[in-house]
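Undergrad: See protein.txt below, with compact mmCIF, N, CA and C atoms.
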# COMPACT_ATOMS: atom_id res chain seq x y z
N MET V 1 27.70 1.42 -6.82
CA MET V 1 26.71 0.49 -6.31
C MET V 1 25.32 0.97 -6.71
N GLU V 2 24.53 0.06 -7.25
CA GLU V 2 23.19 0.39 -7.71
C GLU V 2 22.20 0.38 -6.55
N LYS V 3 21.28 1.37 -6.55
CA LYS V 3 20.26 1.42 -5.51
C LYS V 3 19.24 0.32 -5.73
N PRO V 4 18.74 -0.27 -4.64
CA PRO V 4 17.70 -1.29 -4.81
C PRO V 4 16.41 -0.66 -5.35
N THR V 5 15.73 -1.38 -6.21
CA THR V 5 14.45 -0.90 -6.74
C THR V 5 13.42 -2.03 -6.63
N LEU V 6 12.20 -1.65 -6.53
CA LEU V 6 11.11 -2.62 -6.49
C LEU V 6 10.66 -2.96 -7.90
N PRO V 7 10.12 -4.12 -8.09
CA PRO V 7 9.55 -4.44 -9.41
C PRO V 7 8.42 -3.48 -9.76
N LYS V 8 8.20 -3.27 -11.03
CA LYS V 8 7.14 -2.37 -11.48
C LYS V 8 5.80 -2.79 -10.87
N GLY V 9 5.08 -1.84 -10.33
CA GLY V 9 3.78 -2.10 -9.73
C GLY V 9 3.82 -2.52 -8.27
N CYS V 10 5.00 -2.80 -7.75
CA CYS V 10 5.14 -3.21 -6.35
C CYS V 10 5.20 -1.96 -5.48
N LYS V 11 4.47 -1.98 -4.37
CA LYS V 11 4.46 -0.85 -3.44
C LYS V 11 5.09 -1.26 -2.11
N ASN V 12 5.69 -0.28 -1.46
CA ASN V 12 6.21 -0.42 -0.10
C ASN V 12 5.15 0.17 0.83
N PHE V 13 4.32 -0.66 1.43
CA PHE V 13 3.30 -0.15 2.34
C PHE V 13 3.89 0.00 3.73
N LEU V 14 3.81 1.20 4.29
CA LEU V 14 4.16 1.46 5.68
C LEU V 14 2.82 1.67 6.40
N VAL V 15 2.48 0.77 7.30
CA VAL V 15 1.16 0.76 7.92
C VAL V 15 1.30 0.98 9.42
N ASP V 16 0.60 1.98 9.92
CA ASP V 16 0.57 2.24 11.36
C ASP V 16 -0.23 1.12 12.03
N ILE V 17 -0.07 0.97 13.32
CA ILE V 17 -0.82 -0.06 14.05
C ILE V 17 -1.95 0.57 14.86
N ASP V 18 -1.62 1.27 15.94
CA ASP V 18 -2.64 1.79 16.85
C ASP V 18 -3.46 2.90 16.22
N GLY V 19 -4.77 2.69 16.20
CA GLY V 19 -5.68 3.66 15.60
C GLY V 19 -5.83 3.48 14.11
N THR V 20 -5.11 2.54 13.51
CA THR V 20 -5.18 2.30 12.06
C THR V 20 -5.62 0.87 11.76
N VAL V 21 -4.95 -0.12 12.33
CA VAL V 21 -5.37 -1.51 12.13
C VAL V 21 -6.09 -2.05 13.36
N CYS V 22 -6.00 -1.33 14.47
CA CYS V 22 -6.68 -1.75 15.70
C CYS V 22 -6.99 -0.52 16.53
N GLU V 23 -7.68 -0.77 17.64
CA GLU V 23 -8.01 0.35 18.53
C GLU V 23 -6.73 1.08 18.93
N ASP V 24 -6.87 2.37 19.22
CA ASP V 24 -5.72 3.21 19.53
C ASP V 24 -5.30 3.02 20.98
N ILE V 25 -4.13 2.43 21.16
CA ILE V 25 -3.62 2.17 22.51
C ILE V 25 -2.30 2.90 22.69
N PRO V 26 -2.24 3.86 23.61
CA PRO V 26 -0.98 4.59 23.83
C PRO V 26 0.06 3.73 24.54
N ASN V 27 1.31 4.07 24.35
CA ASN V 27 2.40 3.34 25.00
C ASN V 27 2.25 3.30 26.52
N GLU V 28 1.62 4.33 27.06
CA GLU V 28 1.44 4.40 28.51
C GLU V 28 0.47 3.32 29.02
N GLU V 29 -0.28 2.68 28.10
CA GLU V 29 -1.22 1.61 28.47
C GLU V 29 -0.81 0.31 27.77
N HIS V 30 0.48 0.04 27.74
CA HIS V 30 1.03 -1.09 26.99
C HIS V 30 0.44 -2.44 27.40
N GLU V 31 -0.09 -2.54 28.63
CA GLU V 31 -0.68 -3.81 29.06
C GLU V 31 -1.91 -4.18 28.23
N ARG V 32 -2.51 -3.23 27.51
CA ARG V 32 -3.68 -3.49 26.66
C ARG V 32 -3.30 -3.95 25.25
N MET V 33 -2.03 -3.85 24.88
CA MET V 33 -1.62 -4.15 23.50
C MET V 33 -1.91 -5.59 23.10
N ALA V 34 -1.79 -6.52 24.01
CA ALA V 34 -1.99 -7.94 23.69
C ALA V 34 -3.44 -8.26 23.36
N THR V 35 -4.37 -7.41 23.81
CA THR V 35 -5.79 -7.70 23.60
C THR V 35 -6.47 -6.66 22.71
N ALA V 36 -5.71 -5.88 21.98
CA ALA V 36 -6.27 -4.84 21.12
C ALA V 36 -7.25 -5.44 20.12
N GLN V 37 -8.36 -4.76 19.91
CA GLN V 37 -9.37 -5.20 18.95
C GLN V 37 -8.97 -4.77 17.55
N VAL V 38 -8.83 -5.74 16.64
CA VAL V 38 -8.48 -5.44 15.26
C VAL V 38 -9.71 -4.87 14.54
N PHE V 39 -9.51 -3.90 13.65
CA PHE V 39 -10.61 -3.30 12.91
C PHE V 39 -11.08 -4.24 11.79
N PRO V 40 -12.35 -4.13 11.41
CA PRO V 40 -12.90 -5.00 10.36
C PRO V 40 -12.17 -4.84 9.03
N ASP V 41 -12.01 -5.95 8.33
CA ASP V 41 -11.47 -6.02 6.97
C ASP V 41 -9.97 -5.75 6.84
N VAL V 42 -9.33 -5.31 7.90
CA VAL V 42 -7.92 -4.92 7.82
C VAL V 42 -7.02 -6.10 7.48
N VAL V 43 -7.18 -7.20 8.18
CA VAL V 43 -6.31 -8.36 7.97
C VAL V 43 -6.43 -8.83 6.52
N GLU V 44 -7.66 -8.92 6.02
CA GLU V 44 -7.88 -9.40 4.66
C GLU V 44 -7.22 -8.49 3.63
N ILE V 45 -7.35 -7.18 3.81
CA ILE V 45 -6.78 -6.25 2.83
C ILE V 45 -5.26 -6.25 2.90
N VAL V 46 -4.69 -6.17 4.09
CA VAL V 46 -3.23 -6.19 4.23
C VAL V 46 -2.67 -7.50 3.67
N ASN V 47 -3.31 -8.61 3.97
CA ASN V 47 -2.83 -9.90 3.46
C ASN V 47 -2.97 -10.00 1.94
N ARG V 48 -3.99 -9.39 1.36
CA ARG V 48 -4.12 -9.38 -0.09
C ARG V 48 -2.96 -8.61 -0.72
N TRP V 49 -2.61 -7.45 -0.13
CA TRP V 49 -1.45 -6.69 -0.64
C TRP V 49 -0.20 -7.55 -0.58
N TYR V 50 -0.02 -8.26 0.52
CA TYR V 50 1.14 -9.14 0.69
C TYR V 50 1.15 -10.21 -0.40
N GLU V 51 0.01 -10.86 -0.61
CA GLU V 51 -0.10 -11.93 -1.62
C GLU V 51 0.10 -11.39 -3.03
N GLU V 52 -0.23 -10.13 -3.26
CA GLU V 52 -0.02 -9.50 -4.57
C GLU V 52 1.45 -9.14 -4.80
N GLY V 53 2.29 -9.35 -3.80
CA GLY V 53 3.72 -9.11 -3.93
C GLY V 53 4.21 -7.78 -3.40
N HIS V 54 3.34 -7.02 -2.75
CA HIS V 54 3.75 -5.74 -2.17
C HIS V 54 4.51 -5.99 -0.86
N ILE V 55 5.31 -5.00 -0.46
CA ILE V 55 6.07 -5.08 0.79
C ILE V 55 5.22 -4.47 1.90
N ILE V 56 5.02 -5.21 2.97
CA ILE V 56 4.21 -4.75 4.10
C ILE V 56 5.14 -4.56 5.30
N THR V 57 5.24 -3.32 5.76
CA THR V 57 6.02 -3.01 6.95
C THR V 57 5.14 -2.20 7.89
N PHE V 58 4.99 -2.67 9.10
CA PHE V 58 4.27 -1.90 10.10
C PHE V 58 5.24 -0.87 10.67
N PHE V 59 4.79 0.40 10.70
CA PHE V 59 5.59 1.54 11.14
C PHE V 59 4.82 2.16 12.30
N THR V 60 5.29 1.93 13.50
CA THR V 60 4.48 2.23 14.68
C THR V 60 5.19 3.11 15.70
N GLY V 61 4.40 3.85 16.44
CA GLY V 61 4.90 4.65 17.54
C GLY V 61 5.14 3.81 18.79
N ARG V 62 4.79 2.52 18.71
CA ARG V 62 5.09 1.66 19.85
C ARG V 62 6.61 1.60 20.04
N LEU V 63 7.02 1.48 21.27
CA LEU V 63 8.45 1.44 21.57
C LEU V 63 9.02 0.07 21.24
N SER V 64 10.31 0.01 20.96
CA SER V 64 10.95 -1.27 20.64
C SER V 64 10.82 -2.27 21.79
N GLN V 65 10.66 -1.79 23.00
CA GLN V 65 10.45 -2.71 24.13
C GLN V 65 9.10 -3.42 24.06
N HIS V 66 8.21 -2.97 23.15
CA HIS V 66 6.91 -3.61 22.95
C HIS V 66 6.93 -4.58 21.77
N ALA V 67 8.11 -4.89 21.25
CA ALA V 67 8.22 -5.74 20.06
C ALA V 67 7.60 -7.12 20.27
N GLU V 68 7.89 -7.75 21.38
CA GLU V 68 7.40 -9.12 21.60
C GLU V 68 5.88 -9.17 21.60
N VAL V 69 5.23 -8.29 22.36
CA VAL V 69 3.77 -8.30 22.43
C VAL V 69 3.16 -7.88 21.09
N THR V 70 3.79 -6.95 20.41
CA THR V 70 3.27 -6.47 19.12
C THR V 70 3.32 -7.58 18.08
N GLU V 71 4.45 -8.23 17.95
CA GLU V 71 4.59 -9.26 16.92
C GLU V 71 3.76 -10.49 17.24
N ALA V 72 3.58 -10.80 18.52
CA ALA V 72 2.68 -11.90 18.91
C ALA V 72 1.24 -11.56 18.52
N TRP V 73 0.84 -10.30 18.73
CA TRP V 73 -0.51 -9.85 18.38
C TRP V 73 -0.72 -9.92 16.86
N LEU V 74 0.27 -9.46 16.09
CA LEU V 74 0.16 -9.54 14.62
C LEU V 74 0.01 -10.99 14.17
N GLU V 75 0.80 -11.88 14.73
CA GLU V 75 0.73 -13.31 14.38
C GLU V 75 -0.62 -13.90 14.79
N GLU V 76 -1.07 -13.58 16.00
CA GLU V 76 -2.35 -14.10 16.49
C GLU V 76 -3.50 -13.74 15.56
N HIS V 77 -3.46 -12.55 14.98
CA HIS V 77 -4.54 -12.09 14.11
C HIS V 77 -4.31 -12.46 12.64
N GLY V 78 -3.19 -13.12 12.36
CA GLY V 78 -2.97 -13.64 11.01
C GLY V 78 -2.43 -12.66 10.00
N PHE V 79 -1.83 -11.55 10.45
CA PHE V 79 -1.25 -10.59 9.51
C PHE V 79 -0.04 -11.20 8.82
N LYS V 80 0.06 -11.00 7.50
CA LYS V 80 1.26 -11.35 6.75
C LYS V 80 2.03 -10.05 6.53
N TYR V 81 3.32 -10.06 6.84
CA TYR V 81 4.10 -8.83 6.74
C TYR V 81 5.58 -9.17 6.64
N HIS V 82 6.36 -8.16 6.27
CA HIS V 82 7.80 -8.34 6.11
C HIS V 82 8.61 -7.80 7.28
N GLY V 83 8.08 -6.82 7.98
CA GLY V 83 8.83 -6.25 9.09
C GLY V 83 8.03 -5.25 9.89
N VAL V 84 8.60 -4.85 11.02
CA VAL V 84 8.01 -3.84 11.89
C VAL V 84 9.09 -2.83 12.24
N ILE V 85 8.78 -1.57 12.12
CA ILE V 85 9.68 -0.49 12.53
C ILE V 85 9.04 0.20 13.73
N TYR V 86 9.76 0.25 14.82
CA TYR V 86 9.25 0.82 16.07
C TYR V 86 9.75 2.25 16.25
N ASN V 87 9.20 2.92 17.27
CA ASN V 87 9.64 4.25 17.72
C ASN V 87 9.32 5.36 16.73
N LYS V 88 8.24 5.22 15.95
CA LYS V 88 7.82 6.31 15.07
C LYS V 88 7.53 7.53 15.95
N PRO V 89 7.96 8.72 15.54
CA PRO V 89 7.65 9.90 16.36
C PRO V 89 6.15 10.02 16.61
N ARG V 90 5.80 10.37 17.81
CA ARG V 90 4.38 10.48 18.17
C ARG V 90 3.90 11.91 17.99
N GLY V 91 2.62 12.08 17.83
CA GLY V 91 2.04 13.41 17.79
C GLY V 91 1.34 13.75 16.49
N GLY V 92 1.54 12.95 15.45
CA GLY V 92 0.85 13.20 14.18
C GLY V 92 1.42 14.37 13.42
N ASN V 93 0.61 14.91 12.49
CA ASN V 93 0.99 16.02 11.62
C ASN V 93 2.31 15.73 10.90
N TYR V 94 2.43 14.52 10.38
CA TYR V 94 3.66 14.10 9.70
C TYR V 94 3.81 14.81 8.36
N HIS V 95 5.01 15.19 8.04
CA HIS V 95 5.34 15.76 6.73
C HIS V 95 6.62 15.07 6.29
N TRP V 96 6.48 14.10 5.43
CA TRP V 96 7.59 13.26 5.00
C TRP V 96 8.29 13.92 3.82
N ILE V 97 9.59 14.12 3.94
CA ILE V 97 10.41 14.68 2.86
C ILE V 97 11.39 13.60 2.44
N ASP V 98 11.38 13.27 1.15
CA ASP V 98 12.17 12.16 0.65
C ASP V 98 12.53 12.43 -0.80
N ASN V 99 13.57 11.79 -1.30
CA ASN V 99 13.93 11.95 -2.71
C ASN V 99 13.22 10.92 -3.58
N HIS V 100 12.33 10.13 -2.99
CA HIS V 100 11.53 9.16 -3.72
C HIS V 100 10.06 9.56 -3.65
N THR V 101 9.26 9.05 -4.55
CA THR V 101 7.83 9.31 -4.53
C THR V 101 7.24 8.79 -3.23
N VAL V 102 6.45 9.63 -2.57
CA VAL V 102 5.78 9.25 -1.33
C VAL V 102 4.29 9.51 -1.52
N ARG V 103 3.49 8.51 -1.23
CA ARG V 103 2.04 8.67 -1.25
C ARG V 103 1.55 8.40 0.17
N ALA V 104 0.64 9.22 0.62
CA ALA V 104 0.11 9.05 1.97
C ALA V 104 -1.40 8.88 1.91
N THR V 105 -1.91 7.98 2.73
CA THR V 105 -3.34 7.78 2.84
C THR V 105 -3.69 7.88 4.31
N ARG V 106 -4.53 8.85 4.62
CA ARG V 106 -4.92 9.01 6.02
C ARG V 106 -6.06 8.05 6.33
N PHE V 107 -5.90 7.29 7.40
CA PHE V 107 -6.94 6.38 7.84
C PHE V 107 -7.96 7.17 8.66
N ASN V 108 -9.23 7.10 8.26
CA ASN V 108 -10.28 7.81 8.99
C ASN V 108 -11.21 6.87 9.75
N SER V 109 -11.68 5.80 9.08
CA SER V 109 -12.66 4.97 9.76
C SER V 109 -12.66 3.50 9.36
N LYS V 110 -12.24 3.17 8.13
CA LYS V 110 -12.24 1.77 7.74
C LYS V 110 -11.31 1.54 6.56
N PHE V 111 -10.79 0.32 6.48
CA PHE V 111 -9.97 -0.07 5.33
C PHE V 111 -10.89 -0.43 4.19
N THR V 112 -10.59 0.08 2.99
CA THR V 112 -11.34 -0.25 1.79
C THR V 112 -10.34 -0.38 0.65
N GLU V 113 -10.82 -0.66 -0.53
CA GLU V 113 -9.97 -0.57 -1.71
C GLU V 113 -9.62 0.91 -1.89
N PHE V 114 -8.50 1.19 -2.52
CA PHE V 114 -8.11 2.57 -2.78
C PHE V 114 -8.98 3.16 -3.89
N VAL V 115 -9.27 4.45 -3.79
CA VAL V 115 -9.92 5.20 -4.86
C VAL V 115 -9.01 6.38 -5.17
N LYS V 116 -9.08 6.89 -6.39
CA LYS V 116 -8.25 8.03 -6.78
C LYS V 116 -9.04 9.32 -6.60
N ARG V 117 -8.39 10.30 -5.96
CA ARG V 117 -8.95 11.64 -5.79
C ARG V 117 -7.84 12.64 -6.01
N TRP V 118 -8.16 13.77 -6.57
CA TRP V 118 -7.20 14.84 -6.74
C TRP V 118 -7.35 15.81 -5.59
N ILE V 119 -6.23 16.08 -4.90
CA ILE V 119 -6.26 16.99 -3.77
C ILE V 119 -5.08 17.95 -3.86
N GLU V 120 -5.15 19.00 -3.09
CA GLU V 120 -4.06 19.97 -3.04
C GLU V 120 -3.03 19.49 -2.03
N ILE V 121 -1.74 19.57 -2.40
CA ILE V 121 -0.66 19.19 -1.50
C ILE V 121 0.40 20.28 -1.47
N GLU V 122 1.24 20.25 -0.45
CA GLU V 122 2.37 21.17 -0.36
C GLU V 122 3.59 20.49 -0.98
N VAL V 123 4.30 21.23 -1.83
CA VAL V 123 5.51 20.71 -2.46
C VAL V 123 6.59 21.78 -2.43
N PHE V 124 7.82 21.38 -2.74
CA PHE V 124 8.90 22.36 -2.87
C PHE V 124 8.74 23.11 -4.18
N ASP V 125 9.20 24.35 -4.22
CA ASP V 125 9.14 25.17 -5.43
C ASP V 125 10.37 24.86 -6.28
N ASP V 126 10.36 23.68 -6.90
CA ASP V 126 11.50 23.25 -7.71
C ASP V 126 11.05 22.82 -9.10
N VAL V 127 10.12 23.56 -9.66
CA VAL V 127 9.60 23.26 -11.00
C VAL V 127 10.76 23.12 -11.97
N GLY V 128 10.72 22.08 -12.78
CA GLY V 128 11.79 21.84 -13.74
C GLY V 128 12.92 21.01 -13.20
N GLN V 129 12.85 20.64 -11.95
CA GLN V 129 13.93 19.88 -11.31
C GLN V 129 13.47 18.46 -10.98
N VAL V 130 12.71 17.84 -11.87
CA VAL V 130 12.18 16.51 -11.63
C VAL V 130 13.32 15.50 -11.51
N ASN V 131 13.24 14.68 -10.50
CA ASN V 131 14.19 13.58 -10.33
C ASN V 131 13.80 12.51 -11.34
N LYS V 132 14.57 12.36 -12.39
CA LYS V 132 14.24 11.47 -13.50
C LYS V 132 13.98 10.04 -13.05
N SER V 133 14.71 9.56 -12.03
CA SER V 133 14.54 8.17 -11.61
C SER V 133 13.20 7.92 -10.95
N ASP V 134 12.54 8.97 -10.44
CA ASP V 134 11.24 8.80 -9.78
C ASP V 134 10.09 9.33 -10.61
N SER V 135 10.34 9.84 -11.78
CA SER V 135 9.27 10.43 -12.57
C SER V 135 8.28 9.35 -12.99
N PRO V 136 6.97 9.57 -12.69
CA PRO V 136 5.98 8.58 -13.08
C PRO V 136 5.72 8.58 -14.57
N HIS V 137 6.33 9.51 -15.32
CA HIS V 137 6.07 9.65 -16.75
C HIS V 137 7.10 8.94 -17.60
N GLN V 138 7.93 8.11 -16.99
CA GLN V 138 8.94 7.38 -17.77
C GLN V 138 8.51 5.97 -18.03
If you took the structure in this file and wrote it as structure tokens, what would it be?

TA:
Amino acid sequence: MEKPTLPKGCKNFLVDIDGTVCEDIPNEEHERMATAQVFPDVVEIVNRWYEEGHIITFFTGRLSQHAEVTEAWLEEHGFKYHGVIYNKPRGGNYHWIDNHTVRATRFNSKFTEFVKRWIEIEVFDDVGQVNKSDSPHQ
């Protein structure tokens, strides 16, 4: 069985909700989720990615019991998306290990167009063991 692949140039965006697209609301204050203030420019940028053919999935620490209020809020604000994944581990300091290329962008203050910067990252010491199917040089 062949693994599913995305078309060339298509990205799988996993986008956090609280503190990234809107004010940071903890699960313990779930009654505020319906009225969360969306951050400037977020809807326009996320919807542009969607219209460009990218996959938009919200990946949130909100509990699955908050699905109804969360999806109503996304609809109310006009977000275009493909899905929502709930119950993301809380606490931050994420280190994603995967056999596919993973790019991470930390949200600090506002959504903008992406810019390229070279930074230092932690990787496995497996020089010479490039996974050919994920090599960006093919």

Undergrad: Sorted by chain and rising residue number, list the residues of stretch 41-82 of chain V at most 7 Å from stretch 88-112 of chain V (counting only C-alpha atoms), each with its closest atom pair and distance in Å to one decimal, as a tab-separated table.

TA:
residue	atom	partner	partner_atom	distance
V:Asp41	CA	V:Phe111	CA	6.4
V:Val42	CA	V:Phe111	CA	5.8
V:Phe59	CA	V:Lys88	CA	6.6
V:Thr60	CA	V:Lys88	CA	5.3
V:Gly61	CA	V:Lys88	CA	4.2

Undergrad: Which is closest to V:His82 among V:Thr35, V:Thr57, V:Asn27, V:Asn47, if we use all atoms listed in the file?

TA: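 Nearest to V:His82: V:Thr57.
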
Undergrad: Calculated over all atoms listed in the file, which of the candidates V:Val38, V:Pro26, V:Gly9, V:Asn87 has the smallest distance to V:Gly53?

TA: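 Answer, going by the shortest atom-to-atom distance: V:Gly9.
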
Undergrad: Apply DSSP to the backbone of this structure and, from chain V, keep only the residues in helix (DSSP H, G or I); write these as a ChimeraX atom specification.

TA: /V:27-35,42-51,64-76,132-134

Undergrad: Please produce an output containing N, CA and C atoms for each residue in the selection, written as a compact mmCIF listing (two decimals), in the frame of the given file.

TA:
# COMPACT_ATOMS: atom_id res chain seq x y z
N ASN V 27 1.31 4.07 24.35
CA ASN V 27 2.40 3.34 25.00
C ASN V 27 2.25 3.30 26.52
N GLU V 28 1.62 4.33 27.06
CA GLU V 28 1.44 4.40 28.51
C GLU V 28 0.47 3.32 29.02
N GLU V 29 -0.28 2.68 28.10
CA GLU V 29 -1.22 1.61 28.47
C GLU V 29 -0.81 0.31 27.77
N HIS V 30 0.48 0.04 27.74
CA HIS V 30 1.03 -1.09 26.99
C HIS V 30 0.44 -2.44 27.40
N GLU V 31 -0.09 -2.54 28.63
CA GLU V 31 -0.68 -3.81 29.06
C GLU V 31 -1.91 -4.18 28.23
N ARG V 32 -2.51 -3.23 27.51
CA ARG V 32 -3.68 -3.49 26.66
C ARG V 32 -3.30 -3.95 25.25
N MET V 33 -2.03 -3.85 24.88
CA MET V 33 -1.62 -4.15 23.50
C MET V 33 -1.91 -5.59 23.10
N ALA V 34 -1.79 -6.52 24.01
CA ALA V 34 -1.99 -7.94 23.69
C ALA V 34 -3.44 -8.26 23.36
N THR V 35 -4.37 -7.41 23.81
CA THR V 35 -5.79 -7.70 23.60
C THR V 35 -6.47 -6.66 22.71
N VAL V 42 -9.33 -5.31 7.90
CA VAL V 42 -7.92 -4.92 7.82
C VAL V 42 -7.02 -6.10 7.48
N VAL V 43 -7.18 -7.20 8.18
CA VAL V 43 -6.31 -8.36 7.97
C VAL V 43 -6.43 -8.83 6.52
N GLU V 44 -7.66 -8.92 6.02
CA GLU V 44 -7.88 -9.40 4.66
C GLU V 44 -7.22 -8.49 3.63
N ILE V 45 -7.35 -7.18 3.81
CA ILE V 45 -6.78 -6.25 2.83
C ILE V 45 -5.26 -6.25 2.90
N VAL V 46 -4.69 -6.17 4.09
CA VAL V 46 -3.23 -6.19 4.23
C VAL V 46 -2.67 -7.50 3.67
N ASN V 47 -3.31 -8.61 3.97
CA ASN V 47 -2.83 -9.90 3.46
C ASN V 47 -2.97 -10.00 1.94
N ARG V 48 -3.99 -9.39 1.36
CA ARG V 48 -4.12 -9.38 -0.09
C ARG V 48 -2.96 -8.61 -0.72
N TRP V 49 -2.61 -7.45 -0.13
CA TRP V 49 -1.45 -6.69 -0.64
C TRP V 49 -0.20 -7.55 -0.58
N TYR V 50 -0.02 -8.26 0.52
CA TYR V 50 1.14 -9.14 0.69
C TYR V 50 1.15 -10.21 -0.40
N GLU V 51 0.01 -10.86 -0.61
CA GLU V 51 -0.10 -11.93 -1.62
C GLU V 51 0.10 -11.39 -3.03
N SER V 64 10.31 0.01 20.96
CA SER V 64 10.95 -1.27 20.64
C SER V 64 10.82 -2.27 21.79
N GLN V 65 10.66 -1.79 23.00
CA GLN V 65 10.45 -2.71 24.13
C GLN V 65 9.10 -3.42 24.06
N HIS V 66 8.21 -2.97 23.15
CA HIS V 66 6.91 -3.61 22.95
C HIS V 66 6.93 -4.58 21.77
N ALA V 67 8.11 -4.89 21.25
CA ALA V 67 8.22 -5.74 20.06
C ALA V 67 7.60 -7.12 20.27
N GLU V 68 7.89 -7.75 21.38
CA GLU V 68 7.40 -9.12 21.60
C GLU V 68 5.88 -9.17 21.60
N VAL V 69 5.23 -8.29 22.36
CA VAL V 69 3.77 -8.30 22.43
C VAL V 69 3.16 -7.88 21.09
N THR V 70 3.79 -6.95 20.41
CA THR V 70 3.27 -6.47 19.12
C THR V 70 3.32 -7.58 18.08
N GLU V 71 4.45 -8.23 17.95
CA GLU V 71 4.59 -9.26 16.92
C GLU V 71 3.76 -10.49 17.24
N ALA V 72 3.58 -10.80 18.52
CA ALA V 72 2.68 -11.90 18.91
C ALA V 72 1.24 -11.56 18.52
N TRP V 73 0.84 -10.30 18.73
CA TRP V 73 -0.51 -9.85 18.38
C TRP V 73 -0.72 -9.92 16.86
N LEU V 74 0.27 -9.46 16.09
CA LEU V 74 0.16 -9.54 14.62
C LEU V 74 0.01 -10.99 14.17
N GLU V 75 0.80 -11.88 14.73
CA GLU V 75 0.73 -13.31 14.38
C GLU V 75 -0.62 -13.90 14.79
N GLU V 76 -1.07 -13.58 16.00
CA GLU V 76 -2.35 -14.10 16.49
C GLU V 76 -3.50 -13.74 15.56
N LYS V 132 14.57 12.36 -12.39
CA LYS V 132 14.24 11.47 -13.50
C LYS V 132 13.98 10.04 -13.05
N SER V 133 14.71 9.56 -12.03
CA SER V 133 14.54 8.17 -11.61
C SER V 133 13.20 7.92 -10.95
N ASP V 134 12.54 8.97 -10.44
CA ASP V 134 11.24 8.80 -9.78
C ASP V 134 10.09 9.33 -10.61

Undergrad: Looking at V:Met33, V:Val43, V:Val15, V:Met1, which one is nearest to V:His66, with distances taken over only C-alpha atoms?

TA: V:Met33

Undergrad: For the atom pair atom CA of V:Lys11 and atom N of V:Ile56, what is the interatomic distance in Å to one decimal place?

TA: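 Atom-to-atom, atom CA of V:Lys11 to atom N of V:Ile56, that is 7.8 Å.
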
Undergrad: Could you work out how far atom CA of V:Pro7 lies from atom CA of V:Tyr81, giving the answer in Å with one decimal?

TA: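 Answer for the atom CA of V:Tyr81 to atom CA of V:Pro7 separation: 17.6 Å.
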
Undergrad: Which residue out of V:Val46, V:Ala36, V:Val115, V:Ile85 has the minimum interatomic distance to V:Leu63 when only C-alpha atoms are used?

TA: V:Ile85

Undergrad: Box for stretch 38-56 of chain V: with edges along x, y and z, all listed atoms inside and 6 Å added on each side, what are the centre and edge lengths in Å to one decimal, as AutoDock Vina command-line options?

TA:
--center_x -3.4 --center_y -7.6 --center_z 5.9 --size_x 31.0 --size_y 20.6 --size_z 33.4

Undergrad: From a DSSP calculation on the backbone, collect every residue of stretch 18-100 of chain V in strand (DSSP E or B) and output the set as JSON, numbers by chain.

TA: {"V": [18, 22, 38, 55, 56, 57, 58, 59, 83, 84, 85]}

Undergrad: Which one is closest to V:Leu14: V:Phe58, V:Val84, V:Gln37, V:Trp73? Count all atoms listed in the file.

TA: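 Answer, going by the shortest atom-to-atom distance: V:Phe58.
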
Undergrad: Between atom N of V:Thr70 and atom C of V:Phe13, measure the distance and give it in Å to one decimal.

TA: 18.1 Å

Undergrad: Considering all atoms listed in the file, can you say which of V:Ala34, V:Leu6, V:Ile121, V:Ile55 comes closest to V:Ala72?

TA: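 Of all the options, V:Ala34 lies closest to V:Ala72.
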